[in-house]
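File shown: input-v5.cif (mmCIF, C-alpha atoms).
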data_start
#
loop_
_atom_site.label_atom_id
_atom_site.label_comp_id
_atom_site.auth_asym_id
_atom_site.auth_seq_id
_atom_site.Cartn_x
_atom_site.Cartn_y
_atom_site.Cartn_z
CA MET A 205 177.20 2.05 146.98
CA HIS A 206 176.58 4.51 149.74
CA ILE A 207 175.74 8.13 148.83
CA ASP A 208 176.36 10.66 151.54
CA LEU A 209 174.55 14.03 151.42
CA ARG A 210 176.15 16.80 153.35
CA THR A 211 175.88 20.55 153.45
CA VAL A 212 179.14 22.40 153.14
CA SER A 213 179.25 25.97 154.29
CA ILE A 214 181.47 28.01 151.98
CA THR A 215 182.23 31.33 153.63
CA PRO A 216 183.74 34.12 151.54
CA LEU A 217 187.42 34.87 152.28
CA ARG A 218 186.60 38.56 152.59
CA GLN A 219 183.34 40.39 153.34
CA THR A 220 184.08 43.61 151.49
CA PHE A 221 186.68 45.70 149.63
CA ASP A 222 189.85 46.80 151.42
CA HIS A 223 189.12 50.50 151.12
CA ILE A 224 185.62 49.97 152.58
CA ALA A 225 187.03 47.78 155.36
CA ALA A 226 189.50 50.56 156.18
CA ARG A 227 186.61 52.98 156.60
CA ILE A 228 184.13 50.80 158.52
CA GLY A 229 186.78 49.35 160.80
CA GLY A 230 187.46 45.76 159.77
CA ASP A 231 186.23 43.16 157.31
CA LYS A 232 182.48 43.39 157.93
CA ALA A 233 179.61 43.17 155.46
CA ALA A 234 178.94 46.60 153.97
CA SER A 235 175.66 47.82 152.49
CA ARG A 236 175.32 48.39 148.74
CA TYR A 237 175.02 52.11 149.40
CA ILE A 238 178.38 52.19 151.19
CA GLU A 239 180.11 50.10 148.54
CA ALA A 240 178.63 52.22 145.72
CA THR A 241 179.59 55.53 147.32
CA MET A 242 182.73 55.52 149.46
CA ASP A 243 185.92 56.61 147.69
CA VAL A 244 184.40 56.13 144.25
CA GLN A 245 185.74 59.44 142.96
CA ALA A 246 189.40 59.50 141.98
CA ASN A 247 191.60 61.53 144.29
CA ALA A 248 195.03 60.83 142.85
CA ASN A 249 196.78 60.42 139.48
CA LEU A 250 194.25 62.77 137.91
CA HIS A 251 194.29 63.65 134.26
CA TYR A 252 195.97 66.92 133.17
CA ARG A 253 194.42 70.09 134.53
CA PRO A 254 191.32 71.31 132.70
CA THR A 255 192.17 73.90 130.07
CA TRP A 256 189.07 75.86 131.10
CA ASP A 257 190.26 76.09 134.75
CA PRO A 258 194.01 75.55 135.08
CA GLU A 259 193.94 76.86 138.66
CA HIS A 260 192.31 73.60 139.77
CA GLU A 261 192.61 69.86 139.33
CA ILE A 262 189.72 68.03 137.67
CA PHE A 263 188.48 66.93 141.12
CA ASP A 264 189.49 69.67 143.52
CA ALA A 265 188.31 70.27 147.06
CA THR A 266 189.38 73.92 146.87
CA ARG A 267 186.56 74.86 144.48
CA THR A 268 184.62 75.76 147.63
CA LYS A 269 185.27 77.74 150.80
CA ILE A 270 183.82 74.84 152.83
CA THR A 271 186.55 72.60 154.28
CA MET A 272 186.18 69.00 155.44
CA ARG A 273 188.66 66.53 156.90
CA ASP A 274 186.69 63.81 155.13
CA TRP A 275 184.29 64.67 152.29
CA TYR A 276 182.72 61.24 152.70
CA ALA A 277 181.21 62.35 156.01
CA PHE A 278 178.26 63.56 153.85
CA LYS A 279 176.36 60.28 153.93
CA ASP A 280 172.85 60.54 152.50
CA PRO A 281 170.30 59.55 155.18
CA ARG A 282 168.14 58.19 152.36
CA GLN A 283 171.06 55.95 151.29
CA TYR A 284 170.41 56.56 147.60
CA TYR A 285 172.74 55.00 145.10
CA TYR A 286 171.59 54.48 141.53
CA GLY A 287 169.55 51.33 142.30
CA THR A 288 167.60 52.61 145.30
CA TYR A 289 167.20 56.09 143.80
CA THR A 290 165.55 54.79 140.62
CA GLN A 291 163.35 52.42 142.64
CA SER A 292 162.17 55.24 144.89
CA ARG A 293 161.39 57.59 142.01
CA ALA A 294 159.69 54.81 140.03
CA ARG A 295 157.36 54.25 142.98
CA MET A 296 156.66 57.97 143.27
CA GLN A 297 156.06 58.18 139.54
CA GLU A 298 153.50 55.35 139.65
CA THR A 299 151.55 57.26 142.29
CA ALA A 300 151.74 60.48 140.26
CA GLU A 301 150.62 58.73 137.06
CA ALA A 302 147.67 57.20 138.90
CA ASP A 303 146.66 60.65 140.10
CA PHE A 304 146.90 62.14 136.60
CA GLU A 305 144.82 59.23 135.29
CA PHE A 306 142.25 59.75 138.06
CA VAL A 307 141.82 63.42 137.13
CA GLU A 308 141.76 62.82 133.38
CA SER A 309 139.40 59.84 133.37
CA ARG A 310 136.82 61.66 135.46
CA GLY A 311 137.06 64.92 133.53
CA LEU A 312 137.97 66.76 136.74
CA ALA A 313 140.19 69.20 134.86
CA ASP A 314 137.42 70.22 132.45
CA SER A 315 134.97 70.94 135.27
CA TYR A 316 137.58 72.76 137.41
CA ASP A 317 136.68 76.21 138.75
CA GLU A 318 137.76 78.91 136.26
CA GLY A 319 139.34 81.23 138.82
CA ALA A 320 141.39 78.45 140.36
CA ARG A 321 142.38 77.24 136.88
CA ARG A 322 143.66 80.73 136.03
CA THR A 323 145.72 80.82 139.25
CA ALA A 324 147.13 77.37 138.54
CA LEU A 325 148.15 78.26 134.98
CA ASP A 326 149.51 81.72 135.82
CA VAL A 327 151.42 80.72 138.95
CA TYR A 328 152.49 77.12 138.43
CA LEU A 329 153.47 77.03 134.75
CA PRO A 330 156.33 79.58 134.78
CA LEU A 331 157.86 77.48 137.57
CA ARG A 332 158.87 75.01 134.84
CA HIS A 333 161.68 77.40 134.06
CA VAL A 334 162.74 77.59 137.70
CA ALA A 335 162.80 73.79 137.81
CA TRP A 336 164.92 73.65 134.65
CA GLY A 337 167.35 76.07 136.29
CA ALA A 338 167.48 73.76 139.30
CA ASN A 339 168.36 70.89 136.98
CA MET A 340 171.26 72.95 135.59
CA ASN A 341 172.44 73.78 139.08
CA GLY A 342 172.23 70.19 140.30
CA ALA A 343 174.42 69.13 137.41
CA ALA A 344 176.88 71.95 138.18
CA MET A 345 177.12 70.95 141.86
CA CYS A 346 177.83 67.39 140.77
CA ALA A 347 180.41 68.48 138.20
CA TYR A 348 182.41 70.85 140.40
CA GLY A 349 181.77 69.22 143.77
CA TYR A 350 184.12 66.95 145.66
CA GLY A 351 183.43 63.43 146.86
CA THR A 352 180.82 61.00 145.54
CA ALA A 353 178.93 61.10 148.86
CA ILE A 354 177.68 64.62 148.14
CA THR A 355 178.02 64.92 144.34
CA GLN A 356 175.91 61.82 143.72
CA PRO A 357 172.77 63.14 145.47
CA CYS A 358 173.33 66.59 143.90
CA LEU A 359 172.86 64.98 140.49
CA TYR A 360 169.81 63.05 141.68
CA GLN A 361 168.37 66.33 142.94
CA GLY A 362 168.92 67.88 139.51
CA MET A 363 167.26 64.92 137.77
CA ASP A 364 164.29 65.15 140.13
CA GLN A 365 163.87 68.81 139.18
CA LEU A 366 163.82 67.88 135.50
CA GLY A 367 161.00 65.47 136.33
CA ILE A 368 159.23 68.24 138.22
CA ALA A 369 159.52 70.54 135.19
CA GLN A 370 157.88 67.81 133.13
CA TYR A 371 155.09 67.33 135.67
CA LEU A 372 154.40 71.07 135.59
CA THR A 373 154.16 70.88 131.81
CA ARG A 374 151.65 68.07 132.16
CA LEU A 375 149.71 70.11 134.70
CA GLY A 376 149.54 72.84 132.06
CA MET A 377 148.36 70.39 129.39
CA ALA A 378 145.72 68.95 131.75
CA LEU A 379 144.28 72.29 132.87
CA GLY A 380 145.01 74.27 129.70
CA GLN A 381 146.69 73.84 126.34
CA GLN A 382 149.85 74.50 124.34
CA GLY A 383 149.11 78.23 124.20
CA ASP A 384 149.19 78.41 128.00
CA LEU A 385 152.71 76.97 128.05
CA GLU A 386 153.84 79.61 125.58
CA ALA A 387 152.10 82.33 127.58
CA ALA A 388 153.90 81.11 130.70
CA LYS A 389 157.25 81.33 128.95
CA HIS A 390 156.41 84.81 127.72
CA ALA A 391 155.46 85.81 131.29
CA TRP A 392 158.74 84.34 132.58
CA LEU A 393 160.69 86.46 130.11
CA GLU A 394 158.64 89.68 130.16
CA ALA A 395 156.12 90.03 133.02
CA PRO A 396 157.37 92.17 135.94
CA VAL A 397 156.02 89.69 138.52
CA TRP A 398 158.60 87.06 137.45
CA GLN A 399 161.73 89.14 136.77
CA GLU A 400 163.18 89.12 140.31
CA LEU A 401 162.87 85.33 140.47
CA ARG A 402 164.28 85.00 136.98
CA ARG A 403 167.25 87.18 138.00
CA TYR A 404 167.78 84.93 141.03
CA VAL A 405 167.87 81.81 138.85
CA GLU A 406 170.13 83.38 136.22
CA ASP A 407 172.51 84.73 138.88
CA SER A 408 172.68 81.26 140.42
CA PHE A 409 174.04 79.94 137.09
CA VAL A 410 177.25 81.94 137.60
CA VAL A 411 177.91 81.17 141.26
CA LYS A 412 181.42 79.71 141.27
CA ASP A 413 181.48 78.09 144.70
CA TRP A 414 179.43 74.88 144.33
CA PHE A 415 178.56 74.72 148.05
CA GLU A 416 177.32 78.30 147.93
CA LEU A 417 175.19 77.17 144.97
CA PHE A 418 173.90 74.32 147.13
CA VAL A 419 172.75 76.87 149.70
CA ALA A 420 171.30 79.23 147.05
CA GLN A 421 169.34 76.49 145.23
CA ASN A 422 168.53 73.67 147.64
CA VAL A 423 168.28 75.58 150.90
CA ALA A 424 167.16 79.14 150.14
CA LEU A 425 165.16 78.92 146.90
CA ASP A 426 163.58 75.47 147.19
CA GLY A 427 163.26 75.87 150.96
CA LEU A 428 160.93 78.83 150.45
CA LEU A 429 159.39 78.09 147.04
CA TYR A 430 158.05 74.62 147.83
CA PRO A 431 156.29 75.41 151.13
CA LEU A 432 154.91 78.57 149.48
CA ILE A 433 153.54 77.00 146.30
CA TYR A 434 152.91 73.38 147.29
CA GLY A 435 151.87 74.30 150.85
CA GLU A 436 150.27 77.73 151.15
CA VAL A 437 148.97 78.23 147.59
CA GLU A 438 147.86 74.62 147.23
CA LYS A 439 145.83 74.86 150.46
CA VAL A 440 144.00 77.94 149.18
CA LEU A 441 143.22 76.26 145.84
CA THR A 442 141.97 73.09 147.53
CA VAL A 443 139.65 75.00 149.85
CA LYS A 444 138.36 77.04 146.90
CA ALA A 445 138.03 74.38 144.21
CA GLY A 446 138.87 70.91 145.47
CA PRO A 447 142.10 68.86 145.33
CA VAL A 448 142.66 68.66 141.55
CA VAL A 449 145.87 70.73 141.53
CA ALA A 450 147.05 68.95 144.68
CA MET A 451 146.64 65.62 142.88
CA LEU A 452 148.48 66.83 139.79
CA THR A 453 151.42 68.02 141.94
CA ARG A 454 151.69 64.97 144.18
CA PHE A 455 155.26 64.22 143.08
CA GLN A 456 156.49 67.70 144.08
CA ASN A 457 155.04 67.35 147.56
CA GLU A 458 156.50 63.93 148.23
CA TRP A 459 159.82 64.96 146.72
CA PHE A 460 160.23 68.03 148.90
CA ALA A 461 159.80 66.01 152.09
CA ASP A 462 162.21 63.37 150.84
CA SER A 463 164.96 65.69 149.58
CA GLY A 464 164.68 67.92 152.66
CA LYS A 465 166.12 65.12 154.79
CA TRP A 466 169.24 65.07 152.65
CA VAL A 467 169.62 68.87 152.39
CA ASP A 468 169.30 69.28 156.18
CA ALA A 469 171.84 66.50 156.79
CA CYS A 470 174.42 68.16 154.49
CA MET A 471 174.02 71.54 156.20
CA ARG A 472 174.26 69.95 159.63
CA ILE A 473 177.39 67.97 158.77
CA ALA A 474 179.17 70.92 157.11
CA ALA A 475 178.30 73.32 159.94
CA ALA A 476 179.43 70.87 162.63
CA GLU A 477 182.84 70.36 160.98
CA ASN A 478 184.39 73.66 162.06
CA ALA A 479 183.57 77.24 163.04
CA GLU A 480 184.63 78.70 159.69
CA ASN A 481 182.14 76.46 157.81
CA LYS A 482 179.37 77.38 160.21
CA ALA A 483 180.05 81.10 159.77
CA GLN A 484 180.30 80.79 155.99
CA LEU A 485 177.06 78.80 155.75
CA ALA A 486 175.27 81.34 157.96
CA GLN A 487 176.45 84.19 155.76
CA TRP A 488 175.41 82.45 152.53
CA ALA A 489 172.04 81.45 154.03
CA ALA A 490 171.33 84.99 155.18
CA HIS A 491 172.23 86.45 151.79
CA TRP A 492 170.39 83.98 149.58
CA CYS A 493 167.31 83.60 151.81
CA SER A 494 166.88 87.35 151.78
CA ARG A 495 167.18 87.45 147.98
CA ALA A 496 164.81 84.51 147.60
CA LEU A 497 162.16 86.17 149.76
CA THR A 498 162.43 89.31 147.63
CA ALA A 499 162.13 87.25 144.45
CA LEU A 500 159.14 85.25 145.69
CA THR A 501 157.15 88.19 147.07
CA PRO A 502 155.53 89.27 143.77
CA VAL A 503 154.78 85.61 142.94
CA ALA A 504 153.13 85.13 146.33
CA GLN A 505 151.08 88.28 145.75
CA LEU A 506 149.99 87.00 142.33
CA ALA A 507 148.81 83.76 143.91
CA LEU A 508 147.50 84.88 147.29
CA GLY A 509 146.74 88.60 147.00
CA ASP A 510 146.71 90.31 150.38
CA LYS A 511 147.30 87.00 152.19
CA ALA A 512 150.80 86.83 150.63
CA GLY A 513 152.63 88.58 153.46
CA ALA A 514 151.42 86.21 156.16
CA ALA A 515 152.14 83.19 153.98
CA LEU A 516 155.70 84.34 153.28
CA ASP A 517 156.26 84.91 157.01
CA ARG A 518 155.14 81.37 157.73
CA VAL A 519 157.38 79.75 155.14
CA ALA A 520 160.34 81.92 156.19
CA SER A 521 159.87 80.82 159.81
CA GLN A 522 159.75 77.19 158.70
CA LEU A 523 163.07 77.60 156.91
CA ASP A 524 164.60 79.41 159.89
CA ALA A 525 163.58 76.49 162.10
CA ARG A 526 165.22 74.00 159.71
CA LEU A 527 168.43 76.02 159.62
CA ALA A 528 168.50 76.41 163.39
CA LYS A 529 168.02 72.66 163.79
CA ALA A 530 170.93 72.08 161.41
CA GLY A 531 173.13 74.30 163.57
CA VAL A 532 173.39 77.09 160.99
CA LEU A 533 172.36 80.42 162.44
CA THR A 534 170.56 82.71 160.07
CA ILE A 535 169.42 86.30 160.33
CA ASN A 536 166.19 86.38 158.31
CA ALA A 537 164.22 89.61 157.99
CA MET B 8 164.93 29.64 179.51
CA SER B 9 164.23 29.17 175.78
CA ASN B 10 165.26 31.20 172.77
CA VAL B 11 162.84 32.88 170.44
CA PHE B 12 164.20 33.21 166.94
CA ILE B 13 163.44 34.78 163.59
CA ALA B 14 165.01 33.87 160.26
CA PHE B 15 165.16 36.03 157.12
CA GLN B 16 166.41 35.63 153.58
CA LYS B 17 169.75 37.35 153.34
CA ASN B 18 169.43 40.60 151.36
CA GLU B 19 169.87 44.37 151.64
CA GLU B 20 166.52 44.89 153.40
CA SER B 21 166.87 42.12 155.96
CA ARG B 22 170.38 43.40 156.77
CA CYS B 23 168.78 46.57 158.12
CA ILE B 24 166.14 44.59 160.05
CA VAL B 25 168.83 42.38 161.65
CA ASP B 26 170.95 45.42 162.56
CA ALA B 27 167.91 46.97 164.23
CA ILE B 28 167.17 43.76 166.18
CA VAL B 29 170.78 43.54 167.39
CA ALA B 30 170.72 47.20 168.44
CA ASP B 31 167.51 46.78 170.46
CA ASN B 32 168.12 43.29 171.95
CA PRO B 33 171.53 43.12 173.67
CA THR B 34 171.39 39.33 174.25
CA ALA B 35 170.78 38.57 170.56
CA THR B 36 173.03 36.17 168.67
CA VAL B 37 173.22 36.24 164.87
CA ASN B 38 173.76 33.07 162.85
CA GLU B 39 174.77 33.71 159.22
CA GLN B 40 174.12 30.96 156.68
CA PRO B 41 174.63 31.06 152.88
CA ALA B 42 171.17 32.49 152.05
CA MET B 43 169.66 32.93 155.49
CA VAL B 44 170.29 34.95 158.62
CA LYS B 45 168.84 33.73 161.93
CA VAL B 46 168.64 35.79 165.11
CA ASP B 47 168.17 34.07 168.47
CA VAL B 48 167.24 35.90 171.67
CA PRO B 49 166.54 34.32 175.10
CA ASP B 50 162.93 34.76 176.24
CA GLN B 51 161.87 37.84 174.24
CA MET B 52 162.76 39.73 171.05
CA VAL B 53 161.39 43.17 170.22
CA ILE B 54 161.62 44.48 166.63
CA ARG B 55 160.97 48.23 166.51
CA ARG B 56 159.84 50.11 163.40
CA SER B 57 161.73 53.25 164.43
CA SER B 58 165.00 51.33 164.78
CA ILE B 59 164.58 49.78 161.34
CA GLU B 60 163.82 53.20 159.85
CA GLU B 61 167.07 54.54 161.35
CA GLN B 62 169.02 51.77 159.63
CA ILE B 63 167.22 51.75 156.28
CA GLY B 64 166.91 55.53 155.77
CA ARG B 65 163.28 55.48 154.62
CA PRO B 66 159.77 55.02 156.10
CA PHE B 67 159.18 51.32 156.87
CA ASP B 68 155.91 49.45 157.44
CA LEU B 69 156.53 46.66 159.96
CA GLN B 70 154.51 44.28 157.80
CA GLU B 71 157.29 44.58 155.19
CA LEU B 72 159.37 42.19 157.29
CA GLN B 73 157.01 39.43 156.17
CA ILE B 74 158.42 39.77 152.61
CA ASN B 75 161.81 38.37 153.60
CA LEU B 76 160.66 36.20 156.51
CA ILE B 77 161.54 32.49 156.40
CA THR B 78 160.35 31.35 159.81
CA LEU B 79 160.08 32.31 163.46
CA SER B 80 159.33 30.89 166.87
CA GLY B 81 157.57 32.30 169.92
CA HIS B 82 154.23 33.93 170.69
CA VAL B 83 153.69 36.87 168.30
CA ASP B 84 152.47 40.31 169.35
CA GLU B 85 152.12 42.84 166.51
CA THR B 86 151.46 46.56 166.62
CA ASP B 87 152.21 49.28 164.06
CA ASP B 88 155.40 50.12 165.94
CA ALA B 89 156.72 46.87 167.39
CA PHE B 90 156.77 43.17 166.48
CA THR B 91 157.43 41.08 169.60
CA LEU B 92 158.29 37.38 169.95
CA SER B 93 158.25 35.84 173.41
CA TRP B 94 157.84 32.67 175.41
CA LYS B 95 156.40 34.59 178.34
CA GLN B 96 152.64 34.74 178.60
#

Encoding of this model in structure tokens:
Amino acid sequence: MHIDLRTVSITPLRQTFDHIAARIGGDKAASRYIEATMDVQANANLHYRPTWDPEHEIFDATRTKITMRDWYAFKDPRQYYYGTYTQSRARMQETAEADFEFVESRGLADSYDEGARRTALDVYLPLRHVAWGANMNGAAMCAYGYGTAITQPCLYQGMDQLGIAQYLTRLGMALGQQGDLEAAKHAWLEAPVWQELRRYVEDSFVVKDWFELFVAQNVALDGLLYPLIYGEVEKVLTVKAGPVVAMLTRFQNEWFADSGKWVDACMRIAAAENAENKAQLAQWAAHWCSRALTALTPVAQLALGDKAGAALDRVASQLDARLAKAGVLTINA
Amino acid sequence: MSNVFIAFQKNEESRCIVDAIVADNPTATVNEQPAMVKVDVPDQMVIRRSSIEEQIGRPFDLQELQINLITLSGHVDETDDAFTLSWKQ
């Protein structure tokens, strides 16, 4: 008996789904990101109109003044779908946990300079509430937005902010104790230095246009807050007392660089679509950046004293440069 | 004139590496097999980190290509930014 061994090449009949093939121009292999994102949201045969908003369909592109021929133009440069997003954040979390462990095992928090500790507790802890607000807003942008390409990363952004709120809590527990968390909440609710920022966050909760909310939260507030706190203030603390706070806020730093790529891409794509979008984005950016600067000024003064003005100028210029690069003009004071 | 070639396991990461190679090496030919993808280029193939980063959407260390590498041919020249295979000396 003669046994013949052969290899048989079995090629798939199709490389991808029809709706993906229609978008990428033919039956080619598509990446997981593309297959997990494009046209995932329903756009026809929707359920009955929501009773809480009968003016709109459940998924409705008119919930914003921004107009797009194709809402799936908003591809995330990071190509995050659920799988790659969780992998990325798991990696970042491992690094952050190692840093917390490093500080705790060596008792670096206990021996930390008292003045720097006070600054860290007074300035960083109330930001837990700002981060929680950002989580709410990320969920709102996802809920009322249109098109999985942009709503998906909005939700990831919100989840990241929840993680950041938790890391700030852990910072508080490492450098202080339960009472400091309560004091921070009390300051958030009562102390004059925080009320402008608190008003900003609470006003953002009632912004109806989800793209305006995107600008208010992801561009204006985070675009100024993160370089101010995790750039300017962190530098001062490190020079004064060593890198303990920098280590305990590693996640926030890495996250801001990562999410900035996505935020800038969305602004660039929306502004390039048509002149009305560009004008609308410029107007929103001007309004919310100005409010954010006002809200952050007392916080900067609390953290940096008389160096606050120069620091705020630097972070405002950074944001202006980002917006100019995205093709959105802004008139910042 | 001989081909240099490189062969990877077929997965989401090597897809981006292959796309980058094809973008940077116009004479490249791609041979798709059930679990392997092989790229042949006459004389010299340059794999650039920046091109891979454009495709993959995240920072990429060129040494990561070793994770999915099956085999290759040619003289190897490695820097942080480019991995080159060639028959020229």

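Near chain A, within 12 Å and using all atoms listed in the file, the residues of chain B are B:Lys17, B:Asn18, B:Glu19, B:Glu20, B:Ser21, B:Arg22, B:Cys23, B:Asp26, B:Glu39, B:Gln40, B:Pro41, B:Ala42, B:Met43, B:Glu60, B:Glu61, B:Gln62, B:Ile63, B:Gly64, B:Arg65, B:Pro66.
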
Atom CA of Tyr348 of chain A to atom CA of Trp492 of chain A, distance in Å rounded to a single decimal: 20.0 Å

Residues within 12 Å of (153.7, 40.5, 175.5), file coords, all atoms listed in the file, listed as a list in words: Asp50, Gln51, Met52, Val53, Gly81, His82, Val83, Asp84, Glu85, Thr86, Ala89, Phe90, Thr91, Leu92, Ser93, Trp94, Lys95 and Gln96 of chain B

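Proximity to Gln421 of chain A at 9 Å, evaluated using all atoms listed in the file and with sequence-adjacent residues fewer than 6 positions away removed, yields Ala338, Asn341, Gly342, Val405, Ser408, Gly427 and Trp492 of chain A.
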
Restricting the output to C-alpha atoms, write the selected residues as a compact mmCIF listing (two decimals), in the coordinates of the input.
# COMPACT_ATOMS: atom_id res chain seq x y z
CA ALA A 338 167.48 73.76 139.30
CA ASN A 341 172.44 73.78 139.08
CA GLY A 342 172.23 70.19 140.30
CA VAL A 405 167.87 81.81 138.85
CA SER A 408 172.68 81.26 140.42
CA GLY A 427 163.26 75.87 150.96
CA TRP A 492 170.39 83.98 149.58

Compile the contact shell of Ala514 of chain A as an MDAnalysis selection string: residues with an atom at most 12 Å away, counting only C-alpha atoms, same-chain residues fewer than 2 positions apart removed. chainID A and resid 432 436:437 501 504:505 508:512 516:521

What does the PyMOL selection byres ((chain B and resi 49) around 8) select in this file, as a PyMOL selection string? chain B and resi 8-11+34-35+47-48+50-52

On this structure, which residues satisfy the PyMOL selection byres ((chain B and resi 76) around 7), written as a PyMOL selection string? chain B and resi 14-16+72-75+77-78

Name the residues captured by the PyMOL selection byres ((chain A and resi 320-332) around 8) when it is applied to the shown file; answer as number ranges by chain. A: 316-319, 333-336, 368-370, 372-373, 375-376, 379-380, 384-385, 388-389, 391-392, 433, 441, 444-445, 449, 503, 506-507

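Among A:Leu500, A:Ala476, A:Leu366, A:Ala387, the residue with the shortest atom-to-atom distance to Leu425 of chain A, counting only C-alpha atoms, is A:Leu500.
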
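Using all atoms listed in the file for every distance, the candidate list A:Thr352, A:Ser315, A:Thr271, A:Thr290 yields A:Thr352 as the residue closest to Thr241 of chain A.
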
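Reported to one decimal place, the separation of atom CA of Leu497 of chain A from atom CA of Pro431 of chain A is 12.3 Å.
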
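Relative to atom CA of Gln365 of chain A, atom CA of Arg295 of chain A is found at 16.4 Å.
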
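If all atoms listed in the file are the atoms counted, then among B:Val44, B:Phe67, B:Val37, B:Ile59 the closest residue to Ile24 of chain B is B:Ile59.
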
Between A:Ile270, A:Tyr285, A:Leu217, A:His260, which residue has the minimum interatomic distance to Ala240 of chain A, considering all atoms listed in the file? A:Tyr285

Atoms are missing here; could segment 228-247 of chain A be completed with N, CA and C atoms and written as a PDB file, keeping the file's coordinate frame?
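Writing done, so here's rebuild-v8.pdb:
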ATOM      1  N   ILE A 228     185.133  51.235 157.527  1.00  0.00           N
ATOM      2  CA  ILE A 228     184.130  50.800 158.520  1.00  0.00           C
ATOM      3  C   ILE A 228     184.768  49.999 159.644  1.00  0.00           C
ATOM      4  N   GLY A 229     186.081  49.927 159.657  1.00  0.00           N
ATOM      5  CA  GLY A 229     186.780  49.350 160.800  1.00  0.00           C
ATOM      6  C   GLY A 229     186.784  47.829 160.788  1.00  0.00           C
ATOM      7  N   GLY A 230     187.347  47.210 159.770  1.00  0.00           N
ATOM      8  CA  GLY A 230     187.460  45.760 159.770  1.00  0.00           C
ATOM      9  C   GLY A 230     186.646  45.133 158.653  1.00  0.00           C
ATOM     10  N   ASP A 231     186.868  43.844 158.433  1.00  0.00           N
ATOM     11  CA  ASP A 231     186.230  43.160 157.310  1.00  0.00           C
ATOM     12  C   ASP A 231     184.817  42.722 157.687  1.00  0.00           C
ATOM     13  N   LYS A 232     183.879  43.706 157.634  1.00  0.00           N
ATOM     14  CA  LYS A 232     182.480  43.390 157.930  1.00  0.00           C
ATOM     15  C   LYS A 232     181.681  43.545 156.645  1.00  0.00           C
ATOM     16  N   ALA A 233     180.480  42.978 156.617  1.00  0.00           N
ATOM     17  CA  ALA A 233     179.610  43.170 155.460  1.00  0.00           C
ATOM     18  C   ALA A 233     179.211  44.637 155.377  1.00  0.00           C
ATOM     19  N   ALA A 234     179.295  45.187 154.170  1.00  0.00           N
ATOM     20  CA  ALA A 234     178.940  46.600 153.970  1.00  0.00           C
ATOM     21  C   ALA A 234     177.692  46.667 153.095  1.00  0.00           C
ATOM     22  N   SER A 235     176.877  47.698 153.286  1.00  0.00           N
ATOM     23  CA  SER A 235     175.660  47.820 152.490  1.00  0.00           C
ATOM     24  C   SER A 235     176.027  48.242 151.065  1.00  0.00           C
ATOM     25  N   ARG A 236     175.099  47.992 150.139  1.00  0.00           N
ATOM     26  CA  ARG A 236     175.320  48.390 148.740  1.00  0.00           C
ATOM     27  C   ARG A 236     175.578  49.875 148.638  1.00  0.00           C
ATOM     28  N   TYR A 237     174.845  50.653 149.441  1.00  0.00           N
ATOM     29  CA  TYR A 237     175.020  52.110 149.400  1.00  0.00           C
ATOM     30  C   TYR A 237     176.462  52.477 149.718  1.00  0.00           C
ATOM     31  N   ILE A 238     177.000  51.885 150.790  1.00  0.00           N
ATOM     32  CA  ILE A 238     178.380  52.190 151.190  1.00  0.00           C
ATOM     33  C   ILE A 238     179.345  51.785 150.094  1.00  0.00           C
ATOM     34  N   GLU A 239     179.165  50.577 149.551  1.00  0.00           N
ATOM     35  CA  GLU A 239     180.110  50.100 148.540  1.00  0.00           C
ATOM     36  C   GLU A 239     180.004  50.912 147.250  1.00  0.00           C
ATOM     37  N   ALA A 240     178.817  51.461 146.960  1.00  0.00           N
ATOM     38  CA  ALA A 240     178.630  52.220 145.720  1.00  0.00           C
ATOM     39  C   ALA A 240     179.079  53.670 145.858  1.00  0.00           C
ATOM     40  N   THR A 241     179.356  54.104 147.073  1.00  0.00           N
ATOM     41  CA  THR A 241     179.590  55.530 147.320  1.00  0.00           C
ATOM     42  C   THR A 241     180.990  55.866 147.807  1.00  0.00           C
ATOM     43  N   MET A 242     181.496  55.105 148.790  1.00  0.00           N
ATOM     44  CA  MET A 242     182.730  55.520 149.460  1.00  0.00           C
ATOM     45  C   MET A 242     183.936  55.437 148.537  1.00  0.00           C
ATOM     46  N   ASP A 243     184.657  56.547 148.446  1.00  0.00           N
ATOM     47  CA  ASP A 243     185.920  56.610 147.690  1.00  0.00           C
ATOM     48  C   ASP A 243     185.777  56.259 146.222  1.00  0.00           C
ATOM     49  N   VAL A 244     184.584  56.444 145.660  1.00  0.00           N
ATOM     50  CA  VAL A 244     184.400  56.130 144.250  1.00  0.00           C
ATOM     51  C   VAL A 244     185.119  57.132 143.372  1.00  0.00           C
ATOM     52  N   GLN A 245     185.073  58.404 143.766  1.00  0.00           N
ATOM     53  CA  GLN A 245     185.740  59.440 142.960  1.00  0.00           C
ATOM     54  C   GLN A 245     187.253  59.336 143.088  1.00  0.00           C
ATOM     55  N   ALA A 246     187.934  59.523 141.958  1.00  0.00           N
ATOM     56  CA  ALA A 246     189.400  59.500 141.980  1.00  0.00           C
ATOM     57  C   ALA A 246     189.912  60.661 142.814  1.00  0.00           C
ATOM     58  N   ASN A 247     190.980  60.422 143.574  1.00  0.00           N
ATOM     59  CA  ASN A 247     191.600  61.530 144.290  1.00  0.00           C
ATOM     60  C   ASN A 247     193.108  61.599 144.070  1.00  0.00           C
TER      61      ASN A 247
END
